[in-house]
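To keep things clear, I will list the structure first and then write my remarks on it.
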Amino acid sequence: MADLRNDFVGIKSPNPFWLASAPPTDKAYNVERAFKAGWGGVVWKTLGEEGPPVVNVNGPRYGAIWGADRRLLGLNNIELITDRDLYTNLREMKQVKMNWPDRALIASIMVPCEENAWKAILPLVEETGADGIELNFGCPHGMSERGMGAAVGQVPEYIEMVVRWCKQYTRMPVITKLTPNITDVRKPARAAKAGGTDAVSLINTINSITSVNLDTFAPEPSIDGRGSHGGYCGPAVKPIALNMVAEIARDPETYGLPISGIGGITTWRDAAEFLVLGAGNVQVCTAAMTYGFKIVQEMITGLSGWMDAKGHRNLDDITGRAVANVSDWQYLNLNYIAKATIDQDACIKCGRCHIACEDTSHQAITQFVNGVRHFEVMEEECVGCNLCVNVCPVENCITMEQLPAGDLDRRTGKIVDANYANWTTHPNNPMAKQAAE
């Protein structure tokens with residue numbers, strides 16, 4: 001069996017699957033159930049400073065986007081950080097860590113952007129025996145209006161300043177959680193590194209309104225006739241998260257900075273994609289809220305099985321393996337040519353490929369041949385966009401086939417050229433030098 005043991009900035013856990021800071025990690029009861037189910041670690045729901053309690057809405061907190069089969073694709077939440085007393089959380093964290101010493105327990109923290117506030121809370125968290133802290137610089141609603149969360153995460157200077165405070169006042173590893181609600185995620189990551197962070201985690205939730213009630217004209221979820229922007233998560237945000245993780249992993253200024261990947265992870269395959277794009281472990285929330293804690297068992301079994309089948313011995317064998325293949329557009333091989341091919345035995349004659357290509361692409365798929373309903377790719381018109389692959393309801397019915405070097409592309413009249421600049425070793429690739437070293 002592949003070795004899934006994880007060592008993330010010195011924080012050890014039996015596998016790379018952690019629960020993200022969210023409602024599932026708000027109390028000892030939930031966390032104990034999660035550990036019994038097999039989770040390798042948890043990030044405790046975000047703690048605030050001692051003082052007036054946080055007050056959440058006493059009504060709907062979640063809005064949703066569903067697929068055609070009612071499968072949950074995206075979840076919007078307007079819930080704030082923990083509304084439980086700080087010292088109650090600290091006591092429970094200490095007891096859980098004592099009960100489960102082999103599991104990772106991280107404290108998520110969000111306090112005002114003042115040195116004394118951070119200086120005061122860090123020793124209290126440290127006393128629990130927690131393995132590390134995660135600085136919540138991403139919450140896009142509620143707390144950001146109070147000068148915390150994304151309000152800090154969108155200002156690199158604030159990020160660097162707070163990280164420096166935390167590194168000064170605690171021995172615990174510091175993980176900086178980044179907001180996706182920013183133009184260039186590399187800038188806050190660079191600031192966190194400049195401040196001395198041990199790692200970054202991303203992405204936090206995306207600012208959103210998922211729907212509007214057309215009877216009441218209020219955003220959902222609606223509280224007494226009004227709604228608010230919230231944080232969007234779930235499978236729908238995975239592509240955004242993967243891109244941001246890759247951007248940090250391949251940025252020369254943050255090269256080698258450990259990353260905890262978050263965003264829409266539902267299956268072992270999702271987790272593997274984050275790992276090969278540079279994440280050292282992954283955090284999960286929406287999948288657990290949708291399917292329960294035992295979903296981690298499928299993730300563990302699936303990841304281990306794939307690694308065994310591919311001959312990967314441990315997580316180090318796969319972490320970052322795809323980073324060198326992430327390219328800026330201008331370095332893509334324009335001599336590479338692929339064409340769509342339809343498996344006639346698998347085709348159900350629905351016509352979706354034809355109408356998509358005919359109406360919106362390159363008119364490269366026939367509808368009739370000799371008066372008989374028949375769908376076939378006209379190679380000379382096909383540009384290889386693979387829209388037909390994506391709209392076809394039958395998996396692997398339409399595939400993209402690369403033209404071998406030396407073949408004539410009938411569409412352009414050019415000979416396919418196998419010689420092209422490889423991005424992995426391209427002199428303009430800023431990571432090529434580090435990769436070579």
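Ordered as shown in the structure tokens, chains take letters A, B, and onward, while each chain numbers its residues from 1 and ligands are numbered from 1 in the order shown.
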
Name the residues in contact with stretch 388-390 of chain A at a cut-off of 10 Å, using only C-alpha atoms, excluding same-chain residues fewer than 2 positions from it; report them as a short mmCIF file (atom, residue, chain, number, x, y, z; two decimals) with N, CA and C atoms, in the first residue's frame.
```cif
data_model
loop_
_atom_site.label_atom_id
_atom_site.label_comp_id
_atom_site.auth_asym_id
_atom_site.auth_seq_id
_atom_site.Cartn_x
_atom_site.Cartn_y
_atom_site.Cartn_z
N ALA A 340 -11.13 15.59 -33.65
CA ALA A 340 -12.15 14.78 -33.00
C ALA A 340 -12.47 13.55 -33.85
N THR A 341 -12.76 12.45 -33.16
CA THR A 341 -13.16 11.21 -33.82
C THR A 341 -14.37 10.65 -33.10
N ILE A 342 -15.40 10.22 -33.84
CA ILE A 342 -16.63 9.70 -33.25
C ILE A 342 -16.65 8.18 -33.38
N ARG A 352 -26.26 16.11 -30.47
CA ARG A 352 -25.79 17.27 -29.70
C ARG A 352 -24.45 17.78 -30.22
N CYS A 353 -23.59 16.88 -30.63
CA CYS A 353 -22.29 17.29 -31.16
C CYS A 353 -22.48 18.13 -32.43
N HIS A 354 -23.37 17.68 -33.30
CA HIS A 354 -23.60 18.38 -34.57
C HIS A 354 -24.15 19.79 -34.33
N ILE A 355 -25.17 19.90 -33.49
CA ILE A 355 -25.81 21.21 -33.33
C ILE A 355 -24.87 22.18 -32.61
N ALA A 356 -24.08 21.68 -31.67
CA ALA A 356 -23.12 22.56 -30.99
C ALA A 356 -22.06 23.06 -31.96
N CYS A 357 -21.57 22.16 -32.80
CA CYS A 357 -20.54 22.54 -33.78
C CYS A 357 -21.12 23.42 -34.88
N SER A 361 -19.58 26.63 -33.51
CA SER A 361 -18.16 26.38 -33.75
C SER A 361 -17.81 26.40 -35.24
N ALA A 364 -18.09 21.31 -38.49
CA ALA A 364 -17.20 20.22 -38.83
C ALA A 364 -17.81 18.84 -38.63
N ILE A 365 -19.10 18.76 -38.27
CA ILE A 365 -19.73 17.46 -38.03
C ILE A 365 -20.97 17.31 -38.90
N VAL A 377 -17.06 13.43 -38.16
CA VAL A 377 -16.22 14.62 -38.18
C VAL A 377 -15.59 14.79 -39.56
N GLY A 384 -10.09 21.05 -33.74
CA GLY A 384 -9.65 20.36 -32.52
C GLY A 384 -10.07 21.05 -31.24
N CYS A 385 -11.17 21.82 -31.27
CA CYS A 385 -11.55 22.58 -30.07
C CYS A 385 -12.09 21.70 -28.96
N ASN A 386 -12.56 20.52 -29.28
CA ASN A 386 -13.13 19.48 -28.41
C ASN A 386 -14.43 19.88 -27.70
N CYS A 392 -21.06 15.81 -25.59
CA CYS A 392 -21.55 14.45 -25.86
C CYS A 392 -21.96 13.77 -24.56
N PRO A 393 -23.17 13.18 -24.49
CA PRO A 393 -23.63 12.54 -23.25
C PRO A 393 -23.05 11.15 -23.03
N VAL A 394 -22.35 10.61 -24.02
CA VAL A 394 -21.78 9.26 -23.90
C VAL A 394 -20.27 9.37 -23.70
N GLU A 395 -19.80 8.94 -22.54
CA GLU A 395 -18.38 9.05 -22.23
C GLU A 395 -17.54 8.27 -23.22
N ASN A 396 -16.49 8.92 -23.71
CA ASN A 396 -15.52 8.32 -24.64
C ASN A 396 -16.10 7.98 -26.01
N CYS A 397 -17.30 8.45 -26.31
CA CYS A 397 -17.84 8.26 -27.66
C CYS A 397 -17.07 9.14 -28.65
N ILE A 398 -16.76 10.36 -28.23
CA ILE A 398 -15.96 11.26 -29.06
C ILE A 398 -14.63 11.47 -28.35
N THR A 399 -13.55 11.27 -29.05
CA THR A 399 -12.22 11.44 -28.48
C THR A 399 -11.38 12.32 -29.40
N MET A 400 -10.32 12.88 -28.83
CA MET A 400 -9.40 13.71 -29.61
C MET A 400 -8.18 12.87 -29.97
#
```

Residue set, stretch 142-195 of chain A restricted to helix (DSSP H, G or I), as JSON, numbers by chain
{"A": [144, 145, 146, 150, 151, 152, 153, 156, 157, 158, 159, 160, 161, 162, 163, 164, 165, 166, 167, 168, 169, 186, 187, 188, 189, 190, 191, 192, 193, 194, 195]}

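Closest to A:Arg164 among A:Leu403, A:Ala192, A:Leu257, A:Met289 is A:Ala192, based on only C-alpha atoms.
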
Nearest to A:Trp66, restricted to only C-alpha atoms and choosing among A:Val152, A:Gly234, A:Asn181, A:Val163, comes out as A:Gly234

Close residues, A:Gly74 itself excluded, 12 Å, only C-alpha atoms, min 6 positions apart in chain, as a ChimeraX atom specification
/A:62-67,205-206,208-211,230-238,263-266,285-287,289-290

Residue with smallest distance to A:Leu303 - pool A:Asn116, A:Thr128, A:Asn15, A:Gln95, counting only C-alpha atoms:
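Using only C-alpha atoms, the shortest distance to A:Leu303 belongs to A:Asn15.
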
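Picture a line from atom CA of A:Asp345 to atom CA of A:Val369; it runs 16.1 Å.
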
Would you please extract all strand (DSSP E) residues from stretch 176-405 of chain A, as assigned by DSSP on the backbone, and give them as a PyMOL selection string?
chain A and resi 176-177+199-202+206-208+211-213+218-220+230-233+259-262+281-284+338-342+368-369+372-373+398-402

Using Å and a single decimal, report how far atom CA of A:Gln344 sits from atom CA of A:Val416.
26.5 Å

Counting only C-alpha atoms, the residue of A:Leu86, A:Val185, A:Met143, A:Gln283 that sits nearest A:Val43
A:Gln283

Shell around A:Val276 at 12 Å using only C-alpha atoms, local window under 2 positions removed, as a PyMOL selection string:
chain A and resi 242+245-246+249+259+261+269-274+278-282+307+312+315-326

Can you spit out the residues from that selection as a compact mmCIF listing (two decimals), in the first residue's frame, using C-alpha atoms?
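Once written, out.txt looks like this:
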```
# COMPACT_ATOMS: atom_id res chain seq x y z
CA LEU A 242 -6.52 24.70 -8.85
CA VAL A 245 -2.60 26.89 -6.23
CA ALA A 246 -0.65 26.40 -9.47
CA ALA A 249 3.52 26.83 -6.91
CA ILE A 259 0.62 24.96 0.17
CA GLY A 261 -5.00 23.09 -1.08
CA ARG A 269 -9.08 12.40 -7.88
CA ASP A 270 -9.77 16.01 -6.87
CA ALA A 271 -7.26 15.64 -4.06
CA ALA A 272 -4.65 14.10 -6.35
CA GLU A 273 -5.01 17.03 -8.77
CA PHE A 274 -4.29 19.52 -5.98
CA GLY A 278 1.92 21.67 -5.67
CA ALA A 279 -0.27 21.23 -2.58
CA GLY A 280 1.35 19.41 0.32
CA ASN A 281 -2.05 18.34 1.69
CA VAL A 282 -5.71 19.19 1.17
CA MET A 307 -0.75 5.57 -6.23
CA HIS A 312 4.03 6.01 -6.42
CA LEU A 315 3.13 11.64 -1.20
CA ASP A 316 6.54 13.09 -2.02
CA ASP A 317 6.47 11.08 -5.25
CA ILE A 318 3.47 13.00 -6.55
CA THR A 319 3.56 16.42 -4.88
CA GLY A 320 4.19 19.09 -7.49
CA ARG A 321 4.63 16.66 -10.39
CA ALA A 322 2.36 18.69 -12.69
CA VAL A 323 3.72 22.16 -11.91
CA ALA A 324 6.35 22.15 -14.67
CA ASN A 325 3.62 21.40 -17.22
CA VAL A 326 1.58 24.50 -16.34
```

Using only C-alpha atoms, which protein or nucleic acid residues come within 12 Å of A:Ser21? Drop anything in the same chain fewer than 4 positions from it, and give the result as JSON, numbers by chain.
{"A": [25, 26, 27, 31, 41, 42, 43, 44, 45, 46, 47, 80, 81, 82, 105, 106, 107, 108, 109, 110, 133, 134, 135, 136, 138, 139, 177, 201, 202, 203, 204, 205, 262, 283, 284, 285, 286, 288]}

Selection above as a file: N, CA and C atoms, as an mmCIF file, in the first residue's frame:
```cif
data_model
loop_
_atom_site.group_PDB
_atom_site.id
_atom_site.type_symbol
_atom_site.label_atom_id
_atom_site.label_comp_id
_atom_site.auth_asym_id
_atom_site.auth_seq_id
_atom_site.Cartn_x
_atom_site.Cartn_y
_atom_site.Cartn_z
ATOM 1 N N THR A 25 -16.169 21.724 12.047
ATOM 2 C CA THR A 25 -15.079 21.679 13.033
ATOM 3 C C THR A 25 -15.316 22.658 14.179
ATOM 4 N N ASP A 26 -16.573 22.912 14.474
ATOM 5 C CA ASP A 26 -16.907 23.957 15.448
ATOM 6 C C ASP A 26 -16.910 23.479 16.890
ATOM 7 N N LYS A 27 -16.877 22.175 17.111
ATOM 8 C CA LYS A 27 -16.914 21.695 18.500
ATOM 9 C C LYS A 27 -16.302 20.315 18.593
ATOM 10 N N VAL A 31 -15.517 17.081 15.808
ATOM 11 C CA VAL A 31 -14.132 16.729 15.509
ATOM 12 C C VAL A 31 -13.819 15.298 15.916
ATOM 13 N N GLY A 41 -6.615 15.270 9.954
ATOM 14 C CA GLY A 41 -6.471 16.483 10.738
ATOM 15 C C GLY A 41 -7.687 17.374 10.573
ATOM 16 N N VAL A 42 -7.775 18.391 11.404
ATOM 17 C CA VAL A 42 -8.846 19.381 11.288
ATOM 18 C C VAL A 42 -8.274 20.771 11.539
ATOM 19 N N VAL A 43 -8.886 21.742 10.893
ATOM 20 C CA VAL A 43 -8.630 23.140 11.235
ATOM 21 C C VAL A 43 -9.885 23.610 11.967
ATOM 22 N N TRP A 44 -9.732 23.846 13.266
ATOM 23 C CA TRP A 44 -10.864 24.213 14.127
ATOM 24 C C TRP A 44 -11.517 25.483 13.604
ATOM 25 N N LYS A 45 -12.835 25.530 13.698
ATOM 26 C CA LYS A 45 -13.537 26.709 13.194
ATOM 27 C C LYS A 45 -12.988 27.984 13.820
ATOM 28 N N THR A 46 -12.921 29.026 13.010
ATOM 29 C CA THR A 46 -12.177 30.231 13.369
ATOM 30 C C THR A 46 -12.559 30.814 14.721
ATOM 31 N N LEU A 47 -11.521 31.026 15.540
ATOM 32 C CA LEU A 47 -11.664 31.640 16.856
ATOM 33 C C LEU A 47 -11.536 33.149 16.739
ATOM 34 N N LEU A 80 -20.890 33.331 10.180
ATOM 35 C CA LEU A 80 -19.683 33.991 10.665
ATOM 36 C C LEU A 80 -18.760 32.980 11.329
ATOM 37 N N ILE A 81 -17.702 33.475 11.952
ATOM 38 C CA ILE A 81 -16.787 32.610 12.695
ATOM 39 C C ILE A 81 -17.526 32.029 13.908
ATOM 40 N N THR A 82 -16.846 31.201 14.692
ATOM 41 C CA THR A 82 -17.521 30.536 15.801
ATOM 42 C C THR A 82 -18.251 31.525 16.701
ATOM 43 N N LEU A 105 -4.175 19.052 14.583
ATOM 44 C CA LEU A 105 -5.205 19.980 15.058
ATOM 45 C C LEU A 105 -4.662 21.397 14.911
ATOM 46 N N ILE A 106 -5.289 22.157 14.032
ATOM 47 C CA ILE A 106 -4.857 23.515 13.717
ATOM 48 C C ILE A 106 -5.931 24.493 14.190
ATOM 49 N N ALA A 107 -5.514 25.583 14.762
ATOM 50 C CA ALA A 107 -6.454 26.613 15.208
ATOM 51 C C ALA A 107 -6.534 27.721 14.163
ATOM 52 N N SER A 108 -7.709 27.930 13.606
ATOM 53 C CA SER A 108 -7.930 29.079 12.742
ATOM 54 C C SER A 108 -8.231 30.285 13.629
ATOM 55 N N ILE A 109 -7.620 31.420 13.298
ATOM 56 C CA ILE A 109 -7.744 32.608 14.153
ATOM 57 C C ILE A 109 -8.063 33.836 13.310
ATOM 58 N N MET A 110 -8.940 34.671 13.836
ATOM 59 C CA MET A 110 -9.235 35.961 13.217
ATOM 60 C C MET A 110 -9.536 36.963 14.324
ATOM 61 N N ILE A 133 -1.285 27.186 13.685
ATOM 62 C CA ILE A 133 -2.374 28.141 13.541
ATOM 63 C C ILE A 133 -2.570 28.461 12.061
ATOM 64 N N GLU A 134 -3.804 28.781 11.717
ATOM 65 C CA GLU A 134 -4.119 29.244 10.365
ATOM 66 C C GLU A 134 -4.723 30.628 10.496
ATOM 67 N N LEU A 135 -4.128 31.595 9.828
ATOM 68 C CA LEU A 135 -4.603 32.967 9.887
ATOM 69 C C LEU A 135 -5.700 33.146 8.851
ATOM 70 N N ASN A 136 -6.910 33.434 9.302
ATOM 71 C CA ASN A 136 -8.048 33.556 8.391
ATOM 72 C C ASN A 136 -8.064 34.940 7.768
ATOM 73 N N GLY A 138 -9.409 35.424 4.740
ATOM 74 C CA GLY A 138 -10.204 35.216 3.548
ATOM 75 C C GLY A 138 -11.688 35.397 3.686
ATOM 76 N N CYS A 139 -12.244 35.392 4.894
ATOM 77 C CA CYS A 139 -13.695 35.439 5.067
ATOM 78 C C CYS A 139 -14.259 36.668 4.336
ATOM 79 N N LYS A 177 -4.059 31.716 5.404
ATOM 80 C CA LYS A 177 -5.148 31.356 4.506
ATOM 81 C C LYS A 177 -5.515 32.551 3.630
ATOM 82 N N SER A 201 -2.535 28.529 2.755
ATOM 83 C CA SER A 201 -3.650 27.648 2.405
ATOM 84 C C SER A 201 -4.608 28.450 1.539
ATOM 85 N N LEU A 202 -5.209 27.796 0.570
ATOM 86 C CA LEU A 202 -6.109 28.460 -0.349
ATOM 87 C C LEU A 202 -6.834 27.421 -1.192
ATOM 88 N N ILE A 203 -8.106 27.817 -1.561
ATOM 89 C CA ILE A 203 -8.678 29.159 -1.476
ATOM 90 C C ILE A 203 -9.719 29.201 -0.368
ATOM 91 N N ASN A 204 -9.914 30.393 0.194
ATOM 92 C CA ASN A 204 -11.076 30.630 1.021
ATOM 93 C C ASN A 204 -12.263 30.849 0.086
ATOM 94 N N THR A 205 -13.415 31.135 0.631
ATOM 95 C CA THR A 205 -14.623 31.207 -0.188
ATOM 96 C C THR A 205 -14.659 32.449 -1.085
ATOM 97 N N ILE A 262 -7.269 23.916 -0.969
ATOM 98 C CA ILE A 262 -8.679 23.939 -0.557
ATOM 99 C C ILE A 262 -9.526 24.387 -1.751
ATOM 100 N N GLN A 283 -7.541 20.344 2.216
ATOM 101 C CA GLN A 283 -8.587 20.575 3.207
ATOM 102 C C GLN A 283 -9.950 20.468 2.532
ATOM 103 N N VAL A 284 -10.911 19.898 3.240
ATOM 104 C CA VAL A 284 -12.230 19.594 2.682
ATOM 105 C C VAL A 284 -13.307 20.156 3.608
ATOM 106 N N CYS A 285 -14.369 20.682 3.017
ATOM 107 C CA CYS A 285 -15.499 21.144 3.820
ATOM 108 C C CYS A 285 -16.831 20.723 3.207
ATOM 109 N N THR A 286 -17.140 21.254 2.008
ATOM 110 C CA THR A 286 -18.470 21.053 1.432
ATOM 111 C C THR A 286 -18.790 19.581 1.229
ATOM 112 N N ALA A 288 -17.855 17.056 2.998
ATOM 113 C CA ALA A 288 -18.232 16.479 4.292
ATOM 114 C C ALA A 288 -19.626 16.940 4.694
#
```

Could you jot down the atom CA of A:Arg84 to atom CA of A:Ser144 separation for me, Å, one decimal place?
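Atom-to-atom, atom CA of A:Arg84 and atom CA of A:Ser144 are spaced 19.3 Å apart.
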